[in-house]
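Next comes my_file_30.cif, a file with mmCIF, C-alpha atoms.
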data_work
#
loop_
_atom_site.label_atom_id
_atom_site.label_comp_id
_atom_site.auth_asym_id
_atom_site.auth_seq_id
_atom_site.Cartn_x
_atom_site.Cartn_y
_atom_site.Cartn_z
CA MET A 1 0.00 0.00 0.00
CA LEU A 2 0.98 3.65 0.10
CA SER A 3 4.35 4.29 1.73
CA GLY A 4 4.39 5.33 5.38
CA ALA A 5 0.71 4.52 6.00
CA MET A 6 1.00 1.05 7.56
CA CYS A 7 2.08 -0.11 11.01
CA SER A 8 4.93 -2.63 10.91
CA LEU A 9 3.41 -4.59 13.82
CA CYS A 10 -0.22 -5.16 12.81
CA LEU A 11 0.49 -4.71 9.06
CA ASP A 12 -2.61 -2.54 8.73
CA PHE A 13 -3.20 1.17 8.24
CA TYR A 14 -2.16 3.17 11.31
CA ARG A 15 -4.84 3.67 13.94
CA ASN A 16 -4.00 6.40 16.47
CA PRO A 17 -0.31 6.35 15.42
CA VAL A 18 2.33 7.45 17.95
CA LYS A 19 6.07 8.07 17.70
CA SER A 20 8.53 6.81 20.30
CA PRO A 21 11.48 8.93 21.53
CA CYS A 22 13.75 6.80 19.31
CA GLY A 23 11.81 7.96 16.24
CA HIS A 24 9.86 4.82 15.32
CA SER A 25 6.09 4.90 14.72
CA PHE A 26 3.41 2.34 15.59
CA CYS A 27 -0.29 2.15 16.41
CA ARG A 28 -0.71 3.11 20.06
CA SER A 29 -2.46 -0.17 20.86
CA CYS A 30 0.32 -2.15 19.14
CA LEU A 31 3.08 -0.32 21.04
CA LEU A 32 1.39 -0.88 24.41
CA GLN A 33 1.76 -4.62 23.86
CA TYR A 34 5.56 -4.31 24.15
CA PRO A 35 6.33 -3.54 27.83
CA GLY A 36 9.93 -3.34 29.01
CA HIS A 37 11.21 -3.33 32.58
CA GLY A 38 8.56 -1.07 34.04
CA GLN A 39 8.50 0.97 30.82
CA LEU A 40 7.66 0.53 27.16
CA GLN A 41 10.16 -1.03 24.76
CA CYS A 42 10.50 -0.15 21.09
CA PRO A 43 9.79 -3.32 19.06
CA GLN A 44 12.25 -2.17 16.39
CA CYS A 45 15.36 -1.04 18.28
CA GLN A 46 14.53 -2.32 21.84
CA GLN A 47 15.12 1.10 23.42
CA GLU A 48 13.11 1.53 26.63
CA PHE A 49 11.21 4.71 27.45
CA ALA A 50 8.40 6.03 29.63
CA GLN A 51 4.86 5.88 28.27
CA SER A 52 4.52 9.61 28.92
CA SER A 53 7.28 10.31 26.38
CA VAL A 54 5.23 8.87 23.49
CA ARG A 55 3.80 11.53 21.16
CA THR A 56 1.02 11.46 18.59
CA ASP A 57 2.39 11.10 15.05
CA ARG A 58 0.13 13.44 13.11
CA SER A 59 2.03 12.96 9.85
CA ARG A 60 1.46 9.19 9.91
CA ARG A 61 -2.19 9.73 10.82
CA ARG A 62 -2.72 11.94 7.76
CA ARG A 63 -1.02 9.41 5.52
CA ALA A 64 -3.07 6.54 6.92
CA ASP A 65 -6.32 8.48 6.51
CA LYS A 66 -5.50 9.31 2.89
CA ALA A 67 -4.40 5.76 2.12
CA ARG A 68 -7.52 4.32 3.79
CA GLN A 69 -9.76 6.58 1.72
CA LEU A 70 -7.93 5.73 -1.50
CA PHE A 71 -7.94 2.01 -0.74
CA SER A 72 -11.66 2.11 0.00
CA ARG A 73 -12.34 3.84 -3.28
CA LEU A 74 -10.21 1.44 -5.31
CA THR A 75 -11.86 -1.52 -3.64
CA ASP A 76 -15.37 -0.23 -4.32
CA ASP A 77 -15.08 0.59 -8.01
CA GLN A 78 -11.79 -1.19 -8.93
CA ALA A 79 -10.76 1.98 -10.72
CA LEU A 80 -7.03 1.46 -10.50
CA LEU A 81 -5.02 -1.64 -11.38
CA GLY A 82 -1.22 -1.73 -11.02
CA GLU A 83 0.66 -2.32 -14.28
CA GLN A 84 3.87 -4.12 -13.37
CA GLY A 85 5.89 -3.38 -16.48
CA ALA A 86 5.89 0.30 -17.38
CA GLY A 87 4.79 1.69 -14.02
CA ALA A 88 1.62 3.08 -15.66
CA CYS A 89 -2.00 2.60 -14.53
CA ARG A 90 -5.04 1.16 -16.29
CA PHE A 91 -8.63 2.14 -15.51
CA GLN A 92 -11.99 0.53 -16.11
CA PRO A 93 -13.68 1.67 -19.34
CA ASN A 94 -16.43 3.41 -17.37
CA SER A 95 -13.97 5.55 -15.40
CA THR A 96 -14.27 9.25 -16.18
CA MET A 97 -11.28 11.53 -16.80
CA LYS A 98 -12.17 13.39 -13.62
CA GLU A 99 -11.97 10.19 -11.58
CA VAL A 100 -8.66 9.26 -13.16
CA ALA A 101 -7.21 12.71 -12.45
CA GLU A 102 -8.43 12.63 -8.85
CA VAL A 103 -6.77 9.26 -8.16
CA TYR A 104 -3.50 10.46 -9.66
CA LYS A 105 -3.70 13.66 -7.65
CA LYS A 106 -4.08 11.76 -4.38
CA TYR A 107 -1.26 9.42 -5.31
CA VAL A 108 1.08 12.30 -6.17
CA GLU A 109 0.17 14.13 -2.95
CA ASP A 110 1.04 11.06 -0.93
CA LEU A 111 4.39 10.68 -2.67
CA ARG A 112 5.13 14.38 -2.18
CA GLU A 113 4.35 14.12 1.54
CA ASN A 114 6.53 11.04 1.81
CA ILE A 115 9.48 12.88 0.18
CA ILE A 116 9.02 15.89 2.46
CA SER A 117 8.83 13.68 5.55
CA GLU A 118 11.92 11.65 4.65
CA PHE A 119 14.08 14.71 3.99
CA ALA A 120 12.70 16.55 7.02
CA GLU A 121 14.30 13.94 9.25
CA LEU A 122 17.66 14.34 7.51
CA LYS A 123 17.43 18.13 7.69
CA GLN A 124 16.64 17.95 11.40
CA PHE A 125 19.64 15.65 11.98
CA ILE A 126 21.98 18.02 10.10
CA ARG A 127 20.58 21.05 11.97
CA SER A 128 21.13 19.24 15.28
CA GLU A 129 24.71 18.33 14.33
CA GLU A 130 25.40 21.94 13.28
CA ALA A 131 23.90 23.34 16.50
CA ALA A 132 25.87 20.88 18.64
CA LEU A 133 29.17 21.73 16.95
CA ILE A 134 28.55 25.49 17.25
CA ALA A 135 27.58 25.01 20.92
CA ARG A 136 30.86 23.15 21.58
CA LEU A 137 32.79 25.91 19.78
CA GLU A 138 31.09 28.62 21.85
CA GLU A 139 31.75 26.68 25.07
CA LYS A 140 35.41 26.35 24.11
CA GLN A 141 35.50 30.09 23.44
CA LYS A 142 34.05 30.78 26.90
CA VAL A 143 36.64 28.54 28.57
CA VAL A 144 39.55 30.21 26.76
CA SER A 145 38.09 33.67 27.45
CA ARG A 146 37.80 32.88 31.17
CA GLU A 147 41.42 31.67 31.25
CA ILE A 148 42.59 34.83 29.46
CA GLU A 149 40.62 36.97 31.92
CA ASP A 150 42.11 35.09 34.89
CA ASN A 151 45.58 35.64 33.46
CA MET A 152 44.93 39.37 33.05
CA ILE A 153 43.73 39.64 36.64
CA LYS A 154 46.82 37.80 37.90
CA ILE A 155 49.12 40.00 35.82
CA SER A 156 47.43 43.14 37.18
CA THR A 157 47.75 41.86 40.77
CA ASP A 158 51.41 40.95 40.30
CA LEU A 159 52.15 44.32 38.68
CA ALA A 160 50.55 46.17 41.61
CA SER A 161 52.65 44.12 44.04
CA ILE A 162 55.85 44.88 42.10
CA ASN A 163 55.07 48.60 41.97
CA GLN A 164 54.43 48.61 45.71
CA THR A 165 57.77 46.89 46.34
CA ILE A 166 59.59 49.37 44.10
CA SER A 167 58.07 52.29 46.05
CA LYS A 168 59.20 50.81 49.35
CA VAL A 169 62.71 50.21 48.03
CA GLU A 170 62.90 53.78 46.76
CA SER A 171 61.80 55.10 50.17
CA LEU A 172 64.47 53.00 51.89
CA LEU A 173 67.15 54.32 49.58
CA ALA A 174 66.22 57.82 50.67
CA LEU A 175 67.10 56.98 54.29
CA GLN A 176 70.46 57.65 55.88
CA GLU A 177 72.91 54.81 55.68
CA ALA A 178 72.75 54.16 59.42
CA GLU A 179 68.94 53.93 59.40
CA LEU A 180 69.01 51.60 56.39
CA LEU A 181 71.42 49.22 58.02
CA GLN A 182 69.54 49.07 61.34
CA ASP A 183 67.00 46.49 60.08
CA MET A 184 68.64 45.25 56.90
CA ARG A 185 67.52 41.64 57.36
CA SER A 186 63.79 42.42 57.54
CA ASN A 187 64.08 44.94 54.70
CA VAL A 188 65.70 42.39 52.41
CA LYS A 189 63.06 39.78 53.35
CA TRP A 190 59.97 41.83 52.40
CA SER A 191 61.63 43.33 49.33
CA ARG A 192 61.93 39.93 47.66
CA VAL A 193 59.32 39.50 44.91
CA GLU A 194 58.34 35.96 43.91
CA TYR A 195 56.99 36.53 40.42
CA GLN A 196 55.57 33.81 38.20
CA GLY A 197 54.74 34.49 34.58
CA PRO A 198 51.13 34.16 33.30
CA LYS A 199 49.71 30.72 32.49
CA MET A 200 50.41 29.58 28.94
CA LEU A 201 47.14 29.22 27.05
CA SER A 202 46.23 27.24 23.96
CA VAL A 203 43.99 29.33 21.76
CA SER A 204 43.90 26.96 18.78
CA LEU A 205 40.24 26.12 19.58
CA ALA A 206 40.95 22.46 18.79
CA LEU A 207 41.02 22.88 15.04
CA GLY A 208 40.81 19.13 14.60
CA GLU A 209 37.33 19.24 16.09
CA PHE A 210 36.00 22.41 14.47
CA SER A 211 37.78 22.16 11.12
CA GLY A 212 38.78 19.30 8.85
CA PRO A 213 36.37 16.82 7.19
CA LEU A 214 33.26 18.08 8.97
CA GLN A 215 30.81 16.89 6.31
CA TYR A 216 32.34 13.41 6.22
CA ARG A 217 32.23 13.11 10.01
CA VAL A 218 28.57 14.08 10.04
CA TRP A 219 27.87 11.66 7.18
CA ARG A 220 29.45 8.80 9.15
CA ARG A 221 27.15 9.56 12.10
CA MET A 222 24.23 10.05 9.72
CA LEU A 223 24.53 6.42 8.60
CA LYS A 224 23.30 5.39 12.04
CA GLU A 225 20.24 7.62 11.66
CA ILE A 226 19.26 6.72 8.09
CA LYS A 227 16.62 4.00 8.08
CA THR A 228 17.72 2.35 4.86
CA VAL A 229 21.42 1.94 4.13
CA PRO A 230 23.17 -1.03 2.49
CA VAL A 231 22.88 -3.96 4.88
CA PRO A 232 25.82 -6.36 5.40
CA LEU A 233 24.41 -9.35 3.50
CA VAL A 234 26.25 -12.59 2.81
CA ILE A 235 25.46 -15.45 0.44
CA ASP A 236 24.22 -18.71 1.91
CA PRO A 237 26.75 -21.35 0.73
CA LYS A 238 24.09 -24.08 1.06
CA THR A 239 22.11 -22.45 -1.75
CA ALA A 240 24.99 -21.80 -4.15
CA HIS A 241 25.00 -23.99 -7.26
CA PRO A 242 27.94 -26.47 -7.37
CA HIS A 243 29.31 -24.76 -10.50
CA LEU A 244 29.58 -21.40 -8.72
CA SER A 245 32.70 -20.36 -6.84
CA LEU A 246 32.02 -18.61 -3.51
CA SER A 247 34.67 -16.70 -1.54
CA ALA A 248 35.51 -17.59 2.05
CA ASP A 249 33.66 -14.55 3.40
CA CYS A 250 30.58 -15.48 1.29
CA ARG A 251 30.48 -12.05 -0.36
CA ARG A 252 31.96 -12.76 -3.83
CA LEU A 253 30.46 -15.10 -6.42
CA HIS A 254 31.53 -16.09 -9.93
CA ALA A 255 31.12 -18.96 -12.35
CA ALA A 256 33.65 -21.75 -11.87
CA SER A 257 35.46 -23.87 -14.46
CA GLY A 258 34.23 -27.09 -12.89
CA LYS A 259 32.13 -28.44 -10.07
CA GLN A 260 33.06 -27.07 -6.67
CA GLN A 261 33.08 -29.05 -3.45
CA ALA A 262 29.56 -30.05 -2.41
CA ARG A 263 28.23 -27.54 0.10
CA ARG A 264 24.66 -28.67 0.82
CA PRO A 265 21.98 -31.32 0.57
CA CYS A 266 19.67 -29.14 -1.58
CA ARG A 267 18.44 -30.05 -5.09
CA PHE A 268 19.72 -27.79 -7.84
CA GLY A 269 18.34 -26.97 -11.22
CA ARG A 270 20.25 -25.85 -14.29
CA CYS A 271 20.41 -22.23 -13.18
CA LEU A 272 23.73 -21.11 -11.63
CA CYS A 273 22.10 -19.19 -8.83
CA ALA A 274 22.56 -18.54 -5.11
CA LEU A 275 20.51 -16.85 -2.40
CA GLY A 276 21.33 -14.49 0.44
CA SER A 277 21.53 -15.94 3.94
CA GLU A 278 18.64 -13.80 5.21
CA GLY A 279 15.05 -13.74 3.97
CA PHE A 280 12.44 -11.00 4.38
CA THR A 281 8.72 -11.11 5.08
CA SER A 282 8.19 -7.51 6.21
CA GLY A 283 9.77 -4.09 6.44
CA THR A 284 12.16 -2.34 4.09
CA VAL A 285 15.73 -3.28 3.21
CA TYR A 286 18.39 -2.08 0.78
CA TRP A 287 21.57 -3.76 -0.43
CA GLU A 288 24.18 -3.21 -3.11
CA VAL A 289 26.02 -5.56 -5.44
CA LYS A 290 29.23 -4.57 -7.23
CA VAL A 291 29.02 -5.90 -10.80
CA ARG A 292 31.79 -3.89 -12.51
CA THR A 293 32.59 -5.53 -15.89
CA ASN A 294 30.68 -8.76 -15.22
CA TRP A 295 28.83 -9.30 -18.51
CA GLU A 296 26.29 -11.95 -17.42
CA TRP A 297 24.32 -11.60 -14.22
CA VAL A 298 20.85 -11.57 -12.67
CA ILE A 299 20.19 -9.70 -9.41
CA GLY A 300 16.91 -9.48 -7.52
CA VAL A 301 14.79 -11.48 -5.06
CA ALA A 302 13.21 -14.92 -5.10
CA PRO A 303 11.66 -17.47 -2.71
CA GLN A 304 13.96 -20.15 -1.36
CA ALA A 305 12.30 -22.86 -3.46
CA ILE A 306 13.85 -21.35 -6.60
CA VAL A 307 17.10 -23.28 -6.05
CA GLY A 308 15.33 -26.59 -6.74
CA LEU A 309 13.57 -25.64 -9.97
CA LYS A 310 14.59 -27.46 -13.13
CA GLY A 311 13.81 -24.61 -15.51
CA ARG A 312 16.22 -23.44 -18.15
CA GLY A 313 16.77 -20.03 -16.61
CA PRO A 314 15.97 -17.71 -13.70
CA GLU A 315 12.48 -16.87 -14.98
CA GLY A 316 9.51 -17.84 -12.83
CA ARG A 317 9.08 -16.58 -9.31
CA VAL A 318 11.99 -14.18 -9.58
CA TRP A 319 11.83 -10.38 -9.53
CA ALA A 320 15.15 -9.25 -10.96
CA LEU A 321 17.26 -7.32 -13.44
CA ARG A 322 19.48 -9.08 -15.95
CA ARG A 323 22.55 -8.24 -17.98
CA SER A 324 23.48 -10.44 -20.91
CA GLY A 325 26.33 -9.00 -22.90
CA GLU A 326 25.34 -5.46 -23.86
CA GLU A 327 21.64 -5.98 -23.09
CA TYR A 328 19.94 -5.03 -19.82
CA SER A 329 16.39 -6.15 -19.07
CA ALA A 330 13.82 -6.65 -16.32
CA LEU A 331 12.57 -10.22 -15.92
CA THR A 332 8.93 -9.46 -16.60
CA SER A 333 6.84 -11.60 -18.93
CA PRO A 334 7.86 -10.84 -21.61
CA HIS A 335 11.16 -9.27 -20.66
CA THR A 336 11.30 -5.47 -20.51
CA LEU A 337 14.33 -4.11 -22.32
CA LEU A 338 16.13 -1.31 -20.44
CA ARG A 339 17.94 1.35 -22.43
CA LEU A 340 20.73 2.57 -20.14
CA SER A 341 23.05 5.41 -21.12
CA VAL A 342 25.62 4.29 -18.55
CA LYS A 343 26.67 0.76 -17.62
CA PRO A 344 26.16 0.45 -13.85
CA GLN A 345 29.18 -0.63 -11.81
CA ARG A 346 27.03 -1.25 -8.73
CA ILE A 347 23.38 -2.23 -8.51
CA GLY A 348 21.27 -1.05 -5.59
CA VAL A 349 18.21 -3.13 -4.63
CA TYR A 350 15.40 -1.72 -2.44
CA LEU A 351 12.64 -4.01 -1.13
CA ASP A 352 9.51 -2.71 0.60
CA TYR A 353 7.70 -5.95 1.36
CA GLN A 354 4.37 -4.58 2.60
CA ALA A 355 4.15 -2.04 -0.21
CA GLY A 356 4.93 -4.73 -2.80
CA GLN A 357 7.76 -2.64 -4.21
CA LEU A 358 11.12 -3.81 -5.54
CA SER A 359 13.25 -1.03 -7.03
CA PHE A 360 16.67 -1.10 -8.70
CA TYR A 361 19.18 1.72 -8.91
CA ASN A 362 22.53 2.52 -10.43
CA ALA A 363 24.21 2.79 -7.02
CA ASP A 364 27.00 5.00 -8.39
CA ASP A 365 24.63 7.95 -8.80
CA MET A 366 21.38 6.45 -7.37
CA SER A 367 19.55 6.90 -10.67
CA HIS A 368 16.42 4.75 -10.91
CA LEU A 369 16.58 1.75 -13.25
CA TYR A 370 13.33 -0.17 -12.78
CA THR A 371 10.58 -0.94 -10.23
CA PHE A 372 8.45 -4.06 -9.84
CA THR A 373 5.10 -3.78 -8.06
CA ASP A 374 3.45 -6.98 -6.87
CA THR A 375 1.80 -8.62 -3.88
CA PHE A 376 4.41 -10.62 -1.99
CA SER A 377 3.26 -13.58 0.08
CA GLU A 378 6.40 -15.72 0.46
CA GLU A 379 9.65 -15.10 2.27
CA LEU A 380 11.94 -13.43 -0.24
CA TYR A 381 15.72 -13.83 -0.39
CA PRO A 382 18.33 -11.79 -2.28
CA TYR A 383 18.92 -13.65 -5.55
CA PHE A 384 22.18 -13.89 -7.52
CA TYR A 385 23.07 -15.51 -10.82
CA THR A 386 26.23 -15.18 -12.87
CA GLY A 387 27.75 -16.92 -15.85
CA CYS A 388 30.93 -14.85 -15.82
CA LYS A 389 34.17 -16.49 -14.64
CA MET A 390 36.35 -13.37 -14.67
CA ASP A 391 34.66 -10.61 -12.65
CA PRO A 392 32.68 -11.79 -9.60
CA LEU A 393 29.53 -10.32 -8.13
CA LYS A 394 30.46 -8.73 -4.81
CA LEU A 395 28.16 -7.75 -1.97
CA VAL A 396 29.11 -4.37 -0.48
CA SER A 397 28.05 -2.58 2.70
CA LEU A 398 28.36 0.92 4.17
CA ARG A 399 28.09 -0.25 7.77
CA PHE A 400 31.01 0.94 9.90
#
How would this structure read if it were set down as structure tokens?
Amino acid sequence: MLSGAMCSLCLDFYRNPVKSPCGHSFCRSCLLQYPGHGQLQCPQCQQEFAQSSVRTDRSRRRRADKARQLFSRLTDDQALLGEQGAGACRFQPNSTMKEVAEVYKKYVEDLRENIISEFAELKQFIRSEEAALIARLEEKQKVVSREIEDNMIKISTDLASINQTISKVESLLALQEAELLQDMRSNVKWSRVEYQGPKMLSVSLALGEFSGPLQYRVWRRMLKEIKTVPVPLVIDPKTAHPHLSLSADCRRLHAASGKQQARRPCRFGRCLCALGSEGFTSGTVYWEVKVRTNWEWVIGVAPQAIVGLKGRGPEGRVWALRRSGEEYSALTSPHTLLRLSVKPQRIGVYLDYQAGQLSFYNADDMSHLYTFTDTFSEELYPYFYTGCKMDPLKLVSLRF
């Protein structure tokens, strides 16, 4: 369904949505079912917090209301049917142009609100980082200023003491020699001045903290805040075809010259495929595969049963992109030819299970390549196929 309108716990449109202090949103009734140690516990990140700190998520409520209204309308008159291939929409013959325009308008408004909401979180994070760094700089300035002021006060005090001593010495020198020598010992004792120079101060303001690669440092911290970044996937060796060579860390895959050592008890078809070690039945996830000059590959998602099929290729229950020589295509039925101006070196794959969305990107510049829309009902695994022996497929991650 529409992005951002469904609760990840009940898998239904939000009802009385609330946001936890850690930034995750759920239906209030769903969240209350996850108590911690005397408090509530976030089902997503397990952070505990007081129930009083939960706030109403008005943005999610508006999205859910709009999505519920749209879903009700589409269910009643079946006006809109998803077209998997070109991303277009077909309408019933009795639909009027006004109805078509209204549905598109609501859909565009929802997408616009989703974009604004996603970037609002990033903007708020960057503003917070900027404010924190400026606050630390100002605090450092106050500390250095106080030390400079303390030094000035000490210098003034010492100078006054020295001037006073000079005046006393001058008055003694004006005395007769006999009077000066009468109490020479005490005169010499008080005339001694123990002077210490001012404290040396560092006024560099810790340039390493307030200068340097500021944007990169913030970006590294931002990775922890972004909901969808490349996850550290590995390939399950038990699913890799015997004629595929898999690296020791299970991240690189290429076609082998001969049969590799048996890794598993599974049945294998004729397709040289392998699956990721982790499957998905909910939520959103994104991963990247480095393809470089590999000239024959298929990347996407598939159910685990695909490894036992005896078909001639990866068609069937596979949602994926394919490269074969100079041709790129989406594995629709029939295949959808993709005309790409640039050969991608990395492929980004984004899966939103509840929304039935699988999108592919050129991960070098994040340009969109293709999107499947479907209703997923099985556990889906990252899917990999390659017939190239030279350049392997390599799973990459931005986790630090």
Residues picked by the PyMOL selection byres ((chain A and resi 378-385) around 9) here, as an mmCIF file with C-alpha atoms, keeping the file's coordinate frame?
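And here is the file that came out, selection_22.cif:
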data_model
loop_
_atom_site.group_PDB
_atom_site.id
_atom_site.type_symbol
_atom_site.label_atom_id
_atom_site.label_comp_id
_atom_site.auth_asym_id
_atom_site.auth_seq_id
_atom_site.Cartn_x
_atom_site.Cartn_y
_atom_site.Cartn_z
ATOM 1 C CA LEU A 233 24.410 -9.350 3.500
ATOM 2 C CA ILE A 235 25.460 -15.450 0.440
ATOM 3 C CA LEU A 253 30.460 -15.100 -6.420
ATOM 4 C CA HIS A 254 31.530 -16.090 -9.930
ATOM 5 C CA ALA A 255 31.120 -18.960 -12.350
ATOM 6 C CA CYS A 271 20.410 -22.230 -13.180
ATOM 7 C CA LEU A 272 23.730 -21.110 -11.630
ATOM 8 C CA CYS A 273 22.100 -19.190 -8.830
ATOM 9 C CA ALA A 274 22.560 -18.540 -5.110
ATOM 10 C CA LEU A 275 20.510 -16.850 -2.400
ATOM 11 C CA GLY A 276 21.330 -14.490 0.440
ATOM 12 C CA SER A 277 21.530 -15.940 3.940
ATOM 13 C CA GLU A 278 18.640 -13.800 5.210
ATOM 14 C CA GLY A 279 15.050 -13.740 3.970
ATOM 15 C CA PHE A 280 12.440 -11.000 4.380
ATOM 16 C CA THR A 281 8.720 -11.110 5.080
ATOM 17 C CA SER A 282 8.190 -7.510 6.210
ATOM 18 C CA TRP A 287 21.570 -3.760 -0.430
ATOM 19 C CA GLU A 296 26.290 -11.950 -17.420
ATOM 20 C CA TRP A 297 24.320 -11.600 -14.220
ATOM 21 C CA VAL A 298 20.850 -11.570 -12.670
ATOM 22 C CA ILE A 299 20.190 -9.700 -9.410
ATOM 23 C CA GLY A 300 16.910 -9.480 -7.520
ATOM 24 C CA VAL A 301 14.790 -11.480 -5.060
ATOM 25 C CA ALA A 302 13.210 -14.920 -5.100
ATOM 26 C CA PRO A 303 11.660 -17.470 -2.710
ATOM 27 C CA GLN A 304 13.960 -20.150 -1.360
ATOM 28 C CA PRO A 314 15.970 -17.710 -13.700
ATOM 29 C CA VAL A 318 11.990 -14.180 -9.580
ATOM 30 C CA TRP A 319 11.830 -10.380 -9.530
ATOM 31 C CA ALA A 320 15.150 -9.250 -10.960
ATOM 32 C CA ARG A 322 19.480 -9.080 -15.950
ATOM 33 C CA VAL A 349 18.210 -3.130 -4.630
ATOM 34 C CA TYR A 353 7.700 -5.950 1.360
ATOM 35 C CA PHE A 376 4.410 -10.620 -1.990
ATOM 36 C CA SER A 377 3.260 -13.580 0.080
ATOM 37 C CA THR A 386 26.230 -15.180 -12.870
ATOM 38 C CA GLY A 387 27.750 -16.920 -15.850
ATOM 39 C CA LEU A 393 29.530 -10.320 -8.130
#
Pick out the residues sitting within 10 Å of His368 in chain A, and hand them over as a ChimeraX atom specification; count all atoms listed in the file, and ignore anything fewer than 5 positions along from it in its own chain.
-> /A:348,359-363
In Å and to one decimal, CA of Cys7 in chain A is distant from CA of Tyr286 in chain A by 19.4 Å
Work out how far apart CA of Met6 in chain A and CA of Cys27 in chain A are and give it in Å to one decimal.
->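 We find that CA of Met6 in chain A and CA of Cys27 in chain A lie 9.0 Å from each other.
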For the file shown, report as a list in words the outcome of the PyMOL selection byres ((chain A and resi 250) around 9) at residue level.
->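 Checked against the file, the PyMOL selection byres ((chain A and resi 250) around 9) matches Leu233, Val234, Ile235, Asp236, Pro237, Leu246, Ser247, Ala248, Asp249, Arg251, Arg252, Leu253 and Leu395 of chain A.
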What does the file look like for those residues with C-alpha atoms, as a short mmCIF file (atom, residue, chain, number, x, y, z; two decimals), in the frame of the given file?
data_model
loop_
_atom_site.label_atom_id
_atom_site.label_comp_id
_atom_site.auth_asym_id
_atom_site.auth_seq_id
_atom_site.Cartn_x
_atom_site.Cartn_y
_atom_site.Cartn_z
CA LEU A 233 24.41 -9.35 3.50
CA VAL A 234 26.25 -12.59 2.81
CA ILE A 235 25.46 -15.45 0.44
CA ASP A 236 24.22 -18.71 1.91
CA PRO A 237 26.75 -21.35 0.73
CA LEU A 246 32.02 -18.61 -3.51
CA SER A 247 34.67 -16.70 -1.54
CA ALA A 248 35.51 -17.59 2.05
CA ASP A 249 33.66 -14.55 3.40
CA ARG A 251 30.48 -12.05 -0.36
CA ARG A 252 31.96 -12.76 -3.83
CA LEU A 253 30.46 -15.10 -6.42
CA LEU A 395 28.16 -7.75 -1.97
#
Result set, the PyMOL selection byres ((chain A and resi 329) around 10) on current file, as a list in words | Val298, Ala320, Leu321, Arg322, Arg323, Ser324, Glu327, Tyr328, Ala330, Leu331, Thr332, His335, Thr336, Leu337, Leu338, Arg339, Leu340, Leu369 and Tyr370 of chain A
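Of the listed residues (A:Gln41, A:Thr293, A:Ser128, A:Gln354), A:Ser128 comes nearest to Arg221 in chain A; the distances count only C-alpha atoms.
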Taking (4.4, -4.1, -0.4) in the coordinates of the supplied file, I want to know which residues reach to within 9 Å of it, counting all atoms listed in the file; could you give the answer as an mmCIF file with C-alpha atoms, keeping the file's coordinate frame?
data_model
loop_
_atom_site.group_PDB
_atom_site.id
_atom_site.type_symbol
_atom_site.label_atom_id
_atom_site.label_comp_id
_atom_site.auth_asym_id
_atom_site.auth_seq_id
_atom_site.Cartn_x
_atom_site.Cartn_y
_atom_site.Cartn_z
ATOM 1 C CA MET A 1 0.000 0.000 0.000
ATOM 2 C CA LEU A 2 0.980 3.650 0.100
ATOM 3 C CA SER A 3 4.350 4.290 1.730
ATOM 4 C CA SER A 282 8.190 -7.510 6.210
ATOM 5 C CA GLY A 283 9.770 -4.090 6.440
ATOM 6 C CA LEU A 351 12.640 -4.010 -1.130
ATOM 7 C CA ASP A 352 9.510 -2.710 0.600
ATOM 8 C CA TYR A 353 7.700 -5.950 1.360
ATOM 9 C CA GLN A 354 4.370 -4.580 2.600
ATOM 10 C CA ALA A 355 4.150 -2.040 -0.210
ATOM 11 C CA GLY A 356 4.930 -4.730 -2.800
ATOM 12 C CA GLN A 357 7.760 -2.640 -4.210
ATOM 13 C CA LEU A 358 11.120 -3.810 -5.540
ATOM 14 C CA THR A 373 5.100 -3.780 -8.060
ATOM 15 C CA ASP A 374 3.450 -6.980 -6.870
ATOM 16 C CA THR A 375 1.800 -8.620 -3.880
ATOM 17 C CA PHE A 376 4.410 -10.620 -1.990
#
Please indicate the distance in Å from CA of Arg292 in chain A to CA of His243 in chain A, rounded to one decimal place.
->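 Taking CA of Arg292 in chain A as the start and CA of His243 in chain A as the end point, the length is 21.1 Å.
Shortest separation to Ser53 in chain A among A:Gln39, A:Gln141, A:Ser117, A:Gln124 occurs at residue A:Gln39, atoms counted being all atoms listed in the file.
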